[in-house]
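Data from final.cif: mmCIF, C-alpha atoms
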```
data_upload
#
loop_
_atom_site.label_atom_id
_atom_site.label_comp_id
_atom_site.auth_asym_id
_atom_site.auth_seq_id
_atom_site.Cartn_x
_atom_site.Cartn_y
_atom_site.Cartn_z
CA MET A 1 -34.13 6.69 139.90
CA PHE A 2 -33.20 7.56 143.46
CA ASP A 3 -29.54 6.59 143.29
CA TRP A 4 -28.47 10.19 143.40
CA ILE A 5 -30.15 10.64 146.79
CA GLN A 6 -28.19 7.65 148.12
CA HIS A 7 -24.98 9.23 146.78
CA LEU A 8 -25.95 12.49 148.42
CA ALA A 9 -26.60 10.76 151.77
CA ASP A 10 -23.33 8.78 151.50
CA TRP A 11 -21.36 11.88 150.64
CA PHE A 12 -22.86 13.87 153.51
CA VAL A 13 -22.47 11.19 156.17
CA TYR A 14 -19.11 9.68 155.18
CA ASN A 15 -17.31 12.68 153.69
CA ILE A 16 -18.71 15.80 155.32
CA LEU A 17 -19.46 14.40 158.78
CA ASN A 18 -16.58 11.96 158.44
CA LEU A 19 -18.40 9.06 160.08
CA ASN A 20 -17.31 5.51 159.44
CA LYS A 21 -19.33 3.06 157.43
CA GLY A 22 -20.91 0.39 159.63
CA GLN A 23 -21.26 2.61 162.70
CA HIS A 24 -24.77 2.58 164.19
CA LEU A 25 -24.99 6.36 164.15
CA ALA A 26 -23.69 6.64 160.59
CA GLU A 27 -26.12 4.03 159.29
CA ALA A 28 -29.08 5.55 161.11
CA LEU A 29 -28.21 9.03 159.84
CA ASN A 30 -27.65 7.82 156.30
CA PHE A 31 -31.03 6.07 156.33
CA PHE A 32 -32.67 9.18 157.75
CA ILE A 33 -31.27 11.54 155.10
CA TYR A 34 -31.99 9.17 152.22
CA ASP A 35 -35.54 8.45 153.31
CA THR A 36 -36.42 12.03 154.16
CA VAL A 37 -35.23 13.48 150.86
CA LYS A 38 -36.77 10.71 148.80
CA ILE A 39 -40.12 10.82 150.59
CA LEU A 40 -40.43 14.59 150.50
CA ILE A 41 -39.84 14.56 146.74
CA LEU A 42 -42.41 11.79 146.22
CA LEU A 43 -44.93 13.49 148.49
CA PHE A 44 -44.53 16.72 146.60
CA VAL A 45 -45.09 15.05 143.23
CA ILE A 46 -48.09 12.98 144.33
CA ILE A 47 -49.80 15.76 146.28
CA PHE A 48 -49.38 18.10 143.34
CA PHE A 49 -50.79 15.57 140.89
CA MET A 50 -53.74 14.76 143.16
CA GLY A 51 -54.31 18.49 143.65
CA ILE A 52 -54.78 18.87 139.90
CA VAL A 53 -57.16 15.89 139.72
CA ASN A 54 -59.09 17.19 142.70
CA SER A 55 -59.38 20.65 141.22
CA TYR A 56 -61.35 19.15 138.34
CA PHE A 57 -63.37 16.78 140.54
CA PRO A 58 -64.39 18.81 143.58
CA ILE A 59 -66.54 17.10 146.15
CA ASP A 60 -69.74 18.79 144.98
CA LYS A 61 -69.27 17.38 141.51
CA VAL A 62 -68.69 13.92 142.99
CA LYS A 63 -71.86 14.17 145.03
CA ASN A 64 -73.93 15.29 142.07
CA TYR A 65 -72.52 12.52 139.94
CA LEU A 66 -73.35 9.85 142.51
CA SER A 67 -76.74 11.32 143.20
CA ARG A 68 -77.79 11.66 139.56
CA ASN A 69 -76.48 8.52 137.93
CA LYS A 70 -77.85 5.07 138.30
CA LEU A 71 -74.84 2.81 138.36
CA TYR A 72 -76.26 -0.65 138.97
CA GLY A 73 -74.02 -1.58 141.88
CA LEU A 74 -70.95 0.19 140.57
CA GLU A 75 -71.77 3.23 142.71
CA TYR A 76 -69.95 1.70 145.69
CA LEU A 77 -66.79 1.32 143.65
CA MET A 78 -67.19 4.81 142.19
CA ALA A 79 -67.66 6.34 145.65
CA SER A 80 -64.59 4.49 146.81
CA LEU A 81 -62.56 5.71 143.82
CA PHE A 82 -63.71 9.27 144.41
CA GLY A 83 -62.57 8.83 148.00
CA VAL A 84 -59.04 8.28 146.71
CA VAL A 85 -58.84 11.56 144.79
CA THR A 86 -60.55 13.64 147.45
CA PRO A 87 -58.21 14.93 150.12
CA PHE A 88 -59.60 13.86 153.45
CA CYS A 89 -59.86 15.97 156.55
CA SER A 90 -61.56 14.24 159.46
CA CYS A 91 -63.32 17.49 160.37
CA SER A 92 -65.05 17.47 157.00
CA SER A 93 -66.40 13.97 157.42
CA VAL A 94 -69.63 15.09 159.08
CA PRO A 95 -70.58 17.84 156.60
CA LEU A 96 -69.68 15.42 153.85
CA PHE A 97 -71.87 12.71 155.31
CA ILE A 98 -74.84 15.05 155.55
CA GLY A 99 -74.24 16.40 152.07
CA PHE A 100 -74.30 12.91 150.61
CA VAL A 101 -77.38 11.87 152.57
CA ARG A 102 -79.15 15.04 151.49
CA GLY A 103 -78.32 14.30 147.88
CA GLY A 104 -80.20 11.01 148.16
CA ILE A 105 -77.05 8.90 148.01
CA PRO A 106 -77.57 5.55 149.77
CA LEU A 107 -75.96 5.18 153.18
CA GLY A 108 -73.73 2.30 152.07
CA VAL A 109 -72.32 4.34 149.19
CA THR A 110 -71.62 7.21 151.56
CA PHE A 111 -69.80 4.79 153.86
CA ALA A 112 -67.75 3.46 150.95
CA PHE A 113 -66.52 7.01 150.37
CA LEU A 114 -65.91 7.69 154.06
CA ILE A 115 -63.86 4.52 154.45
CA THR A 116 -61.60 4.85 151.43
CA SER A 117 -61.01 8.58 151.68
CA PRO A 118 -58.74 8.56 154.76
CA LEU A 119 -57.28 5.15 153.92
CA VAL A 120 -56.02 5.92 150.45
CA ASN A 121 -55.01 9.53 150.05
CA GLU A 122 -52.21 11.47 148.44
CA VAL A 123 -50.03 11.48 151.55
CA ALA A 124 -50.39 7.74 152.12
CA ILE A 125 -49.63 6.96 148.48
CA GLY A 126 -46.52 9.17 148.39
CA LEU A 127 -45.18 7.61 151.57
CA PHE A 128 -46.00 4.10 150.46
CA ILE A 129 -44.10 4.40 147.20
CA GLY A 130 -41.10 5.83 149.04
CA LEU A 131 -41.08 3.22 151.78
CA PHE A 132 -42.41 0.02 150.24
CA GLY A 133 -41.99 0.44 146.50
CA VAL A 134 -44.48 0.69 143.66
CA LYS A 135 -45.73 -2.91 143.69
CA THR A 136 -46.76 -2.90 147.35
CA THR A 137 -48.30 0.55 146.87
CA ILE A 138 -50.52 -0.70 144.05
CA ILE A 139 -51.62 -3.63 146.18
CA TYR A 140 -52.35 -1.30 149.08
CA VAL A 141 -54.34 1.14 146.94
CA ILE A 142 -56.40 -1.59 145.31
CA SER A 143 -57.14 -3.28 148.61
CA GLY A 144 -58.05 0.07 150.18
CA ILE A 145 -60.53 0.70 147.37
CA LEU A 146 -61.97 -2.81 147.62
CA LEU A 147 -62.18 -2.53 151.39
CA GLY A 148 -64.28 0.63 151.11
CA THR A 149 -66.44 -0.90 148.38
CA ILE A 150 -67.12 -4.17 150.18
CA SER A 151 -67.68 -2.57 153.58
CA GLY A 152 -70.08 -0.14 151.89
CA VAL A 153 -72.08 -2.96 150.33
CA ILE A 154 -72.25 -4.83 153.65
CA LEU A 155 -73.31 -1.71 155.56
CA GLN A 156 -76.02 -1.00 152.99
CA LYS A 157 -77.38 -4.53 153.36
CA LEU A 158 -77.68 -4.03 157.12
CA LYS A 159 -80.29 -1.24 156.60
CA LEU A 160 -78.90 1.10 159.19
CA GLU A 161 -81.03 4.19 158.48
CA THR A 162 -82.93 3.73 161.76
CA TYR A 163 -79.71 4.27 163.72
CA LEU A 164 -79.07 7.77 162.44
CA THR A 165 -79.59 10.64 164.87
CA PRO A 166 -83.04 12.26 164.64
CA TRP A 167 -82.03 15.38 162.76
CA VAL A 168 -80.17 13.34 160.14
CA LYS A 169 -83.31 11.25 159.69
CA GLY A 170 -85.05 14.55 158.99
CA VAL A 171 -82.44 15.34 156.37
CA LEU A 172 -82.88 11.87 154.93
CA ALA A 173 -86.65 12.30 154.69
CA ASN A 174 -86.17 15.50 152.72
CA ALA A 175 -83.43 14.11 150.54
CA GLN A 176 -83.76 14.98 146.92
CA LYS A 177 -81.90 13.74 143.97
CA GLU A 178 -79.90 16.58 142.56
CA GLN A 179 -81.63 19.54 144.12
CA GLU A 180 -79.14 22.21 143.26
CA SER A 181 -77.20 22.41 140.09
CA PHE A 182 -73.51 22.67 140.59
CA ILE A 183 -71.83 25.33 138.55
CA ALA A 184 -68.46 24.02 137.56
CA GLU A 185 -65.71 26.58 137.65
CA LYS A 186 -64.53 27.26 134.17
CA LYS A 187 -60.92 27.98 134.80
CA SER A 188 -57.87 27.08 132.83
CA LEU A 189 -55.17 24.98 134.41
CA LYS A 190 -53.01 28.09 134.52
CA GLU A 191 -55.60 29.90 136.62
CA ARG A 192 -56.01 26.88 138.88
CA LEU A 193 -52.32 26.35 139.51
CA PRO A 194 -51.76 29.08 142.14
CA ILE A 195 -54.58 27.67 144.28
CA ILE A 196 -53.36 24.09 143.80
CA TRP A 197 -49.83 25.22 144.61
CA ASP A 198 -50.96 26.83 147.88
CA GLU A 199 -52.76 23.64 148.82
CA VAL A 200 -49.70 21.53 148.09
CA LEU A 201 -47.58 23.74 150.33
CA ASN A 202 -50.25 23.68 153.05
CA ILE A 203 -50.49 19.90 153.02
CA LEU A 204 -46.72 19.49 152.95
CA LYS A 205 -46.26 21.94 155.80
CA GLY A 206 -48.81 19.96 157.79
CA VAL A 207 -47.21 16.56 157.29
CA ILE A 208 -43.49 17.36 157.25
CA PRO A 209 -43.08 17.32 161.05
CA TYR A 210 -44.78 13.91 161.26
CA VAL A 211 -42.78 12.52 158.38
CA ILE A 212 -39.50 13.68 159.90
CA VAL A 213 -40.30 12.39 163.37
CA GLY A 214 -41.57 9.12 161.88
CA ILE A 215 -38.44 8.65 159.78
CA ALA A 216 -36.21 9.62 162.70
CA ILE A 217 -37.81 6.96 164.90
CA GLY A 218 -37.62 4.55 161.98
CA GLY A 219 -33.95 5.46 161.46
CA LEU A 220 -33.12 4.79 165.11
CA MET A 221 -34.94 1.48 165.07
CA HIS A 222 -33.27 0.63 161.80
CA GLY A 223 -29.83 1.20 163.30
CA TYR A 224 -30.40 -0.44 166.67
CA ILE A 225 -32.98 -3.24 166.44
CA PRO A 226 -31.49 -6.48 165.15
CA GLU A 227 -32.85 -8.06 161.96
CA GLY A 228 -35.71 -10.49 162.53
CA PHE A 229 -36.31 -9.14 166.05
CA PHE A 230 -40.10 -9.29 165.81
CA GLU A 231 -40.31 -12.58 164.06
CA LYS A 232 -40.68 -14.55 167.24
CA TYR A 233 -43.65 -12.44 168.37
CA MET A 234 -45.44 -11.86 165.13
CA ALA A 235 -44.58 -14.70 162.84
CA LYS A 236 -46.78 -15.39 159.84
CA ASP A 237 -48.17 -18.54 161.37
CA ASN A 238 -49.32 -16.70 164.48
CA LEU A 239 -53.04 -16.52 163.79
CA PHE A 240 -53.71 -13.86 166.41
CA ALA A 241 -51.15 -11.35 165.15
CA VAL A 242 -53.41 -9.72 162.56
CA PRO A 243 -56.50 -9.21 164.74
CA ILE A 244 -54.42 -8.03 167.68
CA ALA A 245 -52.50 -5.55 165.52
CA THR A 246 -55.75 -4.25 164.00
CA ILE A 247 -57.63 -3.91 167.26
CA LEU A 248 -54.69 -2.12 168.86
CA ALA A 249 -54.59 0.23 165.90
CA VAL A 250 -58.23 1.31 165.69
CA PRO A 251 -58.33 3.68 168.68
CA MET A 252 -54.93 5.13 167.79
CA TYR A 253 -54.96 8.41 166.00
CA SER A 254 -52.16 9.24 163.68
CA ASN A 255 -52.03 10.24 160.09
CA ALA A 256 -50.28 8.10 157.56
CA SER A 257 -47.24 10.35 157.65
CA GLY A 258 -46.25 9.44 161.19
CA ILE A 259 -47.03 5.77 161.20
CA LEU A 260 -45.79 4.58 157.81
CA PRO A 261 -42.04 5.15 158.29
CA VAL A 262 -42.21 3.21 161.55
CA ALA A 263 -44.20 0.42 159.95
CA GLN A 264 -41.62 0.09 157.21
CA VAL A 265 -38.91 -0.62 159.76
CA LEU A 266 -41.16 -3.11 161.54
CA VAL A 267 -41.52 -4.97 158.26
CA ALA A 268 -37.78 -4.81 157.63
CA LYS A 269 -37.24 -6.29 161.09
CA GLY A 270 -39.53 -9.25 160.56
CA ILE A 271 -43.20 -8.31 160.97
CA PRO A 272 -45.19 -9.79 158.08
CA LEU A 273 -46.33 -7.13 155.61
CA GLY A 274 -50.01 -8.13 155.87
CA THR A 275 -49.95 -7.68 159.64
CA ALA A 276 -48.24 -4.31 159.26
CA ILE A 277 -50.71 -3.16 156.59
CA ALA A 278 -53.67 -4.21 158.76
CA PHE A 279 -52.14 -2.19 161.58
CA MET A 280 -51.65 0.83 159.34
CA MET A 281 -55.17 0.64 157.95
CA GLY A 282 -56.53 0.49 161.48
CA VAL A 283 -54.55 3.56 162.53
CA VAL A 284 -55.24 5.63 159.44
CA GLY A 285 -58.77 4.53 158.60
CA LEU A 286 -60.48 4.49 161.98
CA SER A 287 -59.88 6.48 165.11
CA LEU A 288 -61.55 7.59 168.33
CA PRO A 289 -61.61 11.29 167.36
CA GLU A 290 -63.44 10.33 164.19
CA ALA A 291 -65.96 8.33 166.21
CA MET A 292 -66.54 11.38 168.40
CA LEU A 293 -67.22 13.54 165.37
CA LEU A 294 -69.60 10.99 163.88
CA LYS A 295 -71.66 11.02 167.08
CA LYS A 296 -73.32 14.12 165.67
CA VAL A 297 -74.91 12.11 162.90
CA MET A 298 -74.95 8.52 164.09
CA THR A 299 -76.10 6.76 167.22
CA LEU A 300 -73.42 4.90 169.16
CA LYS A 301 -74.84 1.65 167.89
CA LEU A 302 -74.34 2.69 164.27
CA ILE A 303 -70.80 3.88 164.96
CA GLY A 304 -70.15 0.51 166.59
CA ILE A 305 -71.50 -1.39 163.60
CA PHE A 306 -69.57 0.84 161.18
CA PHE A 307 -66.27 0.38 163.03
CA GLY A 308 -66.96 -3.31 163.54
CA VAL A 309 -67.55 -4.04 159.86
CA VAL A 310 -64.51 -2.05 158.75
CA THR A 311 -62.31 -3.65 161.41
CA LEU A 312 -63.41 -7.08 160.28
CA CYS A 313 -62.66 -6.25 156.64
CA ILE A 314 -59.22 -4.93 157.63
CA ILE A 315 -58.45 -8.14 159.52
CA ILE A 316 -59.52 -10.25 156.54
CA SER A 317 -57.35 -8.23 154.16
CA GLY A 318 -54.44 -8.55 156.59
CA TYR A 319 -54.73 -12.33 156.40
CA LEU A 320 -55.06 -12.19 152.62
CA PHE A 321 -51.89 -10.10 152.36
CA ASN A 322 -49.98 -12.54 154.51
CA ILE A 323 -51.11 -15.39 152.28
CA ILE A 324 -50.47 -13.61 148.97
CA LEU A 325 -47.24 -11.72 149.72
CA MET B 1 -72.26 49.06 154.76
CA SER B 2 -71.09 46.66 157.36
CA LYS B 3 -70.33 43.22 156.06
CA VAL B 4 -71.33 40.02 157.79
CA ILE B 5 -68.61 37.41 157.70
CA LYS B 6 -69.29 33.87 158.80
CA ILE B 7 -66.72 31.16 159.12
CA LEU B 8 -68.13 27.67 158.99
CA GLY B 9 -66.15 24.92 160.63
CA THR B 10 -66.53 22.25 163.25
CA GLY B 11 -63.45 23.38 165.15
CA CYS B 12 -60.59 21.75 163.30
CA PRO B 13 -57.15 23.37 163.13
CA LYS B 14 -57.77 24.58 159.57
CA CYS B 15 -60.92 26.38 160.66
CA LYS B 16 -59.04 28.12 163.45
CA THR B 17 -56.33 29.22 161.05
CA MET B 18 -58.94 30.64 158.72
CA THR B 19 -60.68 32.51 161.54
CA SER B 20 -57.54 34.21 162.78
CA LEU B 21 -56.48 35.01 159.22
CA VAL B 22 -59.80 36.69 158.47
CA GLN B 23 -59.67 38.56 161.78
CA ASP B 24 -56.21 39.84 160.85
CA VAL B 25 -57.31 41.00 157.44
CA VAL B 26 -60.32 42.83 158.87
CA SER B 27 -58.38 44.62 161.59
CA GLU B 28 -55.32 45.40 159.47
CA ASN B 29 -57.42 47.07 156.80
CA ASN B 30 -60.02 48.65 159.09
CA ILE B 31 -62.85 46.88 157.33
CA ASP B 32 -66.30 47.40 158.75
CA ALA B 33 -67.39 43.82 159.29
CA SER B 34 -68.65 41.44 161.92
CA ILE B 35 -67.07 38.03 162.17
CA GLU B 36 -69.03 35.07 163.39
CA LYS B 37 -67.70 31.57 163.85
CA VAL B 38 -70.34 28.94 163.10
CA GLU B 39 -69.51 25.66 164.76
CA ASP B 40 -72.90 24.00 165.01
CA ILE B 41 -73.16 21.35 162.34
CA GLU B 42 -76.88 21.88 161.77
CA GLU B 43 -76.22 25.57 161.15
CA ILE B 44 -73.30 24.73 158.86
CA MET B 45 -75.38 22.37 156.80
CA LYS B 46 -77.92 25.11 156.09
CA PHE B 47 -75.25 26.55 153.83
CA ASN B 48 -74.94 23.25 152.02
CA VAL B 49 -71.17 23.03 152.20
CA MET B 50 -69.45 19.67 152.31
CA SER B 51 -65.92 20.75 153.00
CA THR B 52 -64.85 22.97 155.81
CA PRO B 53 -63.61 25.55 156.58
CA ALA B 54 -65.88 27.73 154.50
CA LEU B 55 -65.96 31.50 154.29
CA VAL B 56 -69.35 33.15 153.95
CA ILE B 57 -69.59 36.86 153.20
CA ASP B 58 -73.06 38.43 153.32
CA ASN B 59 -74.60 34.99 153.03
CA VAL B 60 -72.61 34.04 149.93
CA ILE B 61 -70.17 31.15 150.13
CA THR B 62 -66.90 32.42 148.75
CA ILE B 63 -64.37 29.81 149.78
CA LYS B 64 -64.73 26.26 150.94
CA GLY B 65 -62.41 23.48 151.96
CA ARG B 66 -59.20 25.43 151.95
CA ILE B 67 -57.38 28.24 153.66
CA PRO B 68 -57.20 31.33 151.48
CA SER B 69 -54.36 33.84 151.39
CA LYS B 70 -54.76 37.22 153.05
CA ASP B 71 -54.81 38.95 149.67
CA GLU B 72 -57.59 36.71 148.48
CA VAL B 73 -59.71 37.47 151.55
CA LEU B 74 -59.05 41.19 151.15
CA SER B 75 -60.15 41.18 147.52
CA LEU B 76 -63.29 39.24 148.43
CA LEU B 77 -64.13 41.83 151.06
CA ASN B 78 -63.66 44.78 148.74
#
```
Written form, structure tokens:
Amino acid sequence: MFDWIQHLADWFVYNILNLNKGQHLAEALNFFIYDTVKILILLFVIIFFMGIVNSYFPIDKVKNYLSRNKLYGLEYLMASLFGVVTPFCSCSSVPLFIGFVRGGIPLGVTFAFLITSPLVNEVAIGLFIGLFGVKTTIIYVISGILLGTISGVILQKLKLETYLTPWVKGVLANAQKEQESFIAEKKSLKERLPIIWDEVLNILKGVIPYVIVGIAIGGLMHGYIPEGFFEKYMAKDNLFAVPIATILAVPMYSNASGILPVAQVLVAKGIPLGTAIAFMMGVVGLSLPEAMLLKKVMTLKLIGIFFGVVTLCIIISGYLFNIIL
Amino acid sequence: MSKVIKILGTGCPKCKTMTSLVQDVVSENNIDASIEKVEDIEEIMKFNVMSTPALVIDNVITIKGRIPSKDEVLSLLN
């Protein structure tokens, strides 16, 4: 499917720039062009598709659905699935949290949504397909959804309502199931498309610099770091690799677009995929800026428990990946 | 009649883009309106929005969760 991009990259590097095959620079450049073109196309397609889905399932509809329906335990999974189709912006996490709490949605279900939303989003999926292939992407998406679901269930069991900040407790006390009816926009796809299109361009514009820098760094590493370089430090049988990678990753703040191209090269150079995925989940899913934002609604203790549970789940899934893959 | 425009957002880049865009539209078209940036989360939640930035004109939420085009803002203000 992407052969033509490889031909394009070959033609440009070997014929137009007249570089020789096997040269470090030529290989790095070839890799850079191929990856950039391929990933931008994939990102465009996935973001566009998710934009359409999201246009029909806006966040208010999601909230009303979760607040109104009794789902007998499936609500955690549903919240997690909704998290996938909802584009995530860390600055919206607080209003979203309050909105859910106000709608009478249990705290654990809200957490399930908050965990999956940044972890599995349109940008991450597009990049994953481009860099790791469809099979690994499916595994990543499923584990991201399960991670949100399971962490949500655990957090609910811990009964953390007492650790909310006072004004959120006030909101919680006044929570009502389905207090305002949501009027769904009755628009045809044709009327929706211009808005979706603008969003696609906005998201792409936002991530392109990161993607390009990420792929450029990846390209350099690809050309200059010898195969199997990391194996001696992060071999599969090194039990500490996964937790160390995860704990290093949590405070780091980067979106999927910057970190994924680099991670792909790390994997190519010998880091086990499970360790790399745990690292990526830590970077994308949890970050210090997010913790700062959440301080508005949660006490430090609750943020600590939240991050702790998610970190633990990421570490476990890292191990699982290393065993399965 | 002077319009009251409120921009709800916790201070993310998107919210800043929206604020300057709305300011541009207002000044370019000489619209009689006051612009207020609402950053306090408790204030924001009184409007019951879950995605920011949101554009509120005369206490009606017109746009939420995305950055509108200048034309769209202009037509909302007219």
Open item on the list: Under the rule that only C-alpha atoms are counted, which of B:Val38, B:Met50, B:Ile44, B:Ile57 is the nearest residue to chain A?
Closed with: B:Met50
TODO: For chain A, work out the contacting residues on chain B at 6 Å, counting only C-alpha atoms, and write them as a list of chain:residue names.
DONE: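 Putting it all together, I get B:Cys12, B:Met50, B:Ser51, B:Thr52.
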TODO: I need the residue set behind the PyMOL selection byres ((chain A and resi 213) around 12) for this file; please write it as a ChimeraX atom specification.
DONE: /A:32,35-36,207-212,214-220,257-262
- [ ] Would you list the contacts of stretch 15-29 of chain B as a ChimeraX atom specification, taking every protein, DNA or RNA residue within 9 Å and counting all atoms listed in the file, but skipping same-chain residues closer than 5 positions in sequence?
- [x] /B:5,7-10,34-37,52-55,66-71,73-74,77
Translate the PyMOL selection byres ((chain A and resi 73-77) around 6) into a concrete residue list for this structure, as a CSV table (one decimal) with C-alpha atoms, in the coordinates of the input.
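File selection_3.csv, as written:
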```
chain,number,residue,atom,x,y,z
A,71,LEU,CA,-74.8,2.8,138.4
A,72,TYR,CA,-76.3,-0.6,139.0
A,78,MET,CA,-67.2,4.8,142.2
A,79,ALA,CA,-67.7,6.3,145.6
A,80,SER,CA,-64.6,4.5,146.8
A,109,VAL,CA,-72.3,4.3,149.2
A,112,ALA,CA,-67.8,3.5,151.0
A,149,THR,CA,-66.4,-0.9,148.4
```
Open item on the list: Evaluated on this file, the PyMOL selection byres ((chain A and resi 302) around 10) picks out some residues - which ones are they, written as a ChimeraX atom specification?
Closed with: /A:155,160-165,294-295,297-301,303-308
Open item on the list: List the spatial neighbours of A:Leu239 as a VMD selection string - criterion: any atom at most 12 Å away, only C-alpha atoms, same-chain residues fewer than 6 positions off excluded.
Closed with: chain A and resid 233 245 272 274 to 275 315 to 316 318 to 319 322 to 323
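Restricting the calculation to only C-alpha atoms, the smallest distance between A:Pro243 and any of A:Phe2, A:Phe279, A:Phe44, A:Tyr224 is found for A:Phe279.
In this model, the gap between atom CA of B:Lys46 and atom CA of A:Ser67 comes to 18.9 Å.
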Task: Two-atom distance - atom CA of A:Leu248, atom CA of A:Leu312 (Å) - done: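 We find that atom CA of A:Leu248 and atom CA of A:Leu312 lie 13.2 Å from each other.
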Task: Two-atom distance - atom CA of A:Lys135, atom CA of A:Glu227 (Å) - done: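 Atom-to-atom, atom CA of A:Lys135 to atom CA of A:Glu227, that is 22.9 Å.
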Emit as AutoDock Vina command-line options the padded axis-aligned box for all listed atoms of stretch 147-160 of chain A, 6 Å per side, with centre and edge lengths in Å to one decimal.
```
--center_x -71.2 --center_y -1.9 --center_z 153.8 --size_x 30.1 --size_y 17.9 --size_z 22.8
```
Could I see stretch 260-278 of chain A restored to N, CA and C atoms, set down as a short mmCIF file (atom, residue, chain, number, x, y, z; two decimals), in the coordinates of the input?
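For reference, selection.cif as written:
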```
data_model
loop_
_atom_site.label_atom_id
_atom_site.label_comp_id
_atom_site.auth_asym_id
_atom_site.auth_seq_id
_atom_site.Cartn_x
_atom_site.Cartn_y
_atom_site.Cartn_z
N LEU A 260 -46.36 5.38 158.89
CA LEU A 260 -45.79 4.58 157.81
C LEU A 260 -44.28 4.35 157.91
N PRO A 261 -43.48 5.40 158.21
CA PRO A 261 -42.04 5.15 158.29
C PRO A 261 -41.70 4.13 159.38
N VAL A 262 -42.46 4.17 160.48
CA VAL A 262 -42.21 3.21 161.55
C VAL A 262 -42.60 1.80 161.10
N ALA A 263 -43.74 1.72 160.42
CA ALA A 263 -44.20 0.42 159.95
C ALA A 263 -43.20 -0.22 158.98
N GLN A 264 -42.57 0.62 158.18
CA GLN A 264 -41.62 0.09 157.21
C GLN A 264 -40.47 -0.61 157.93
N VAL A 265 -40.00 -0.01 159.01
CA VAL A 265 -38.91 -0.62 159.76
C VAL A 265 -39.37 -1.91 160.43
N LEU A 266 -40.62 -1.89 160.93
CA LEU A 266 -41.16 -3.11 161.54
C LEU A 266 -41.14 -4.25 160.54
N VAL A 267 -41.51 -3.94 159.29
CA VAL A 267 -41.52 -4.97 158.26
C VAL A 267 -40.09 -5.44 157.97
N ALA A 268 -39.18 -4.45 157.90
CA ALA A 268 -37.78 -4.81 157.63
C ALA A 268 -37.22 -5.70 158.74
N LYS A 269 -37.76 -5.53 159.95
CA LYS A 269 -37.24 -6.29 161.09
C LYS A 269 -38.05 -7.55 161.37
N GLY A 270 -38.91 -7.93 160.43
CA GLY A 270 -39.53 -9.25 160.56
C GLY A 270 -41.02 -9.34 160.75
N ILE A 271 -41.74 -8.21 160.88
CA ILE A 271 -43.20 -8.31 160.97
C ILE A 271 -43.76 -8.55 159.58
N PRO A 272 -44.65 -9.55 159.41
CA PRO A 272 -45.19 -9.79 158.08
C PRO A 272 -45.91 -8.56 157.54
N LEU A 273 -45.77 -8.34 156.23
CA LEU A 273 -46.33 -7.13 155.61
C LEU A 273 -47.84 -7.02 155.81
N GLY A 274 -48.55 -8.15 155.71
CA GLY A 274 -50.01 -8.13 155.87
C GLY A 274 -50.40 -7.64 157.26
N THR A 275 -49.68 -8.11 158.27
CA THR A 275 -49.95 -7.68 159.64
C THR A 275 -49.69 -6.19 159.77
N ALA A 276 -48.58 -5.73 159.18
CA ALA A 276 -48.24 -4.31 159.26
C ALA A 276 -49.27 -3.46 158.53
N ILE A 277 -49.73 -3.93 157.36
CA ILE A 277 -50.71 -3.16 156.59
C ILE A 277 -52.04 -3.10 157.34
N ALA A 278 -52.44 -4.21 157.96
CA ALA A 278 -53.67 -4.21 158.76
C ALA A 278 -53.55 -3.19 159.88
#
```
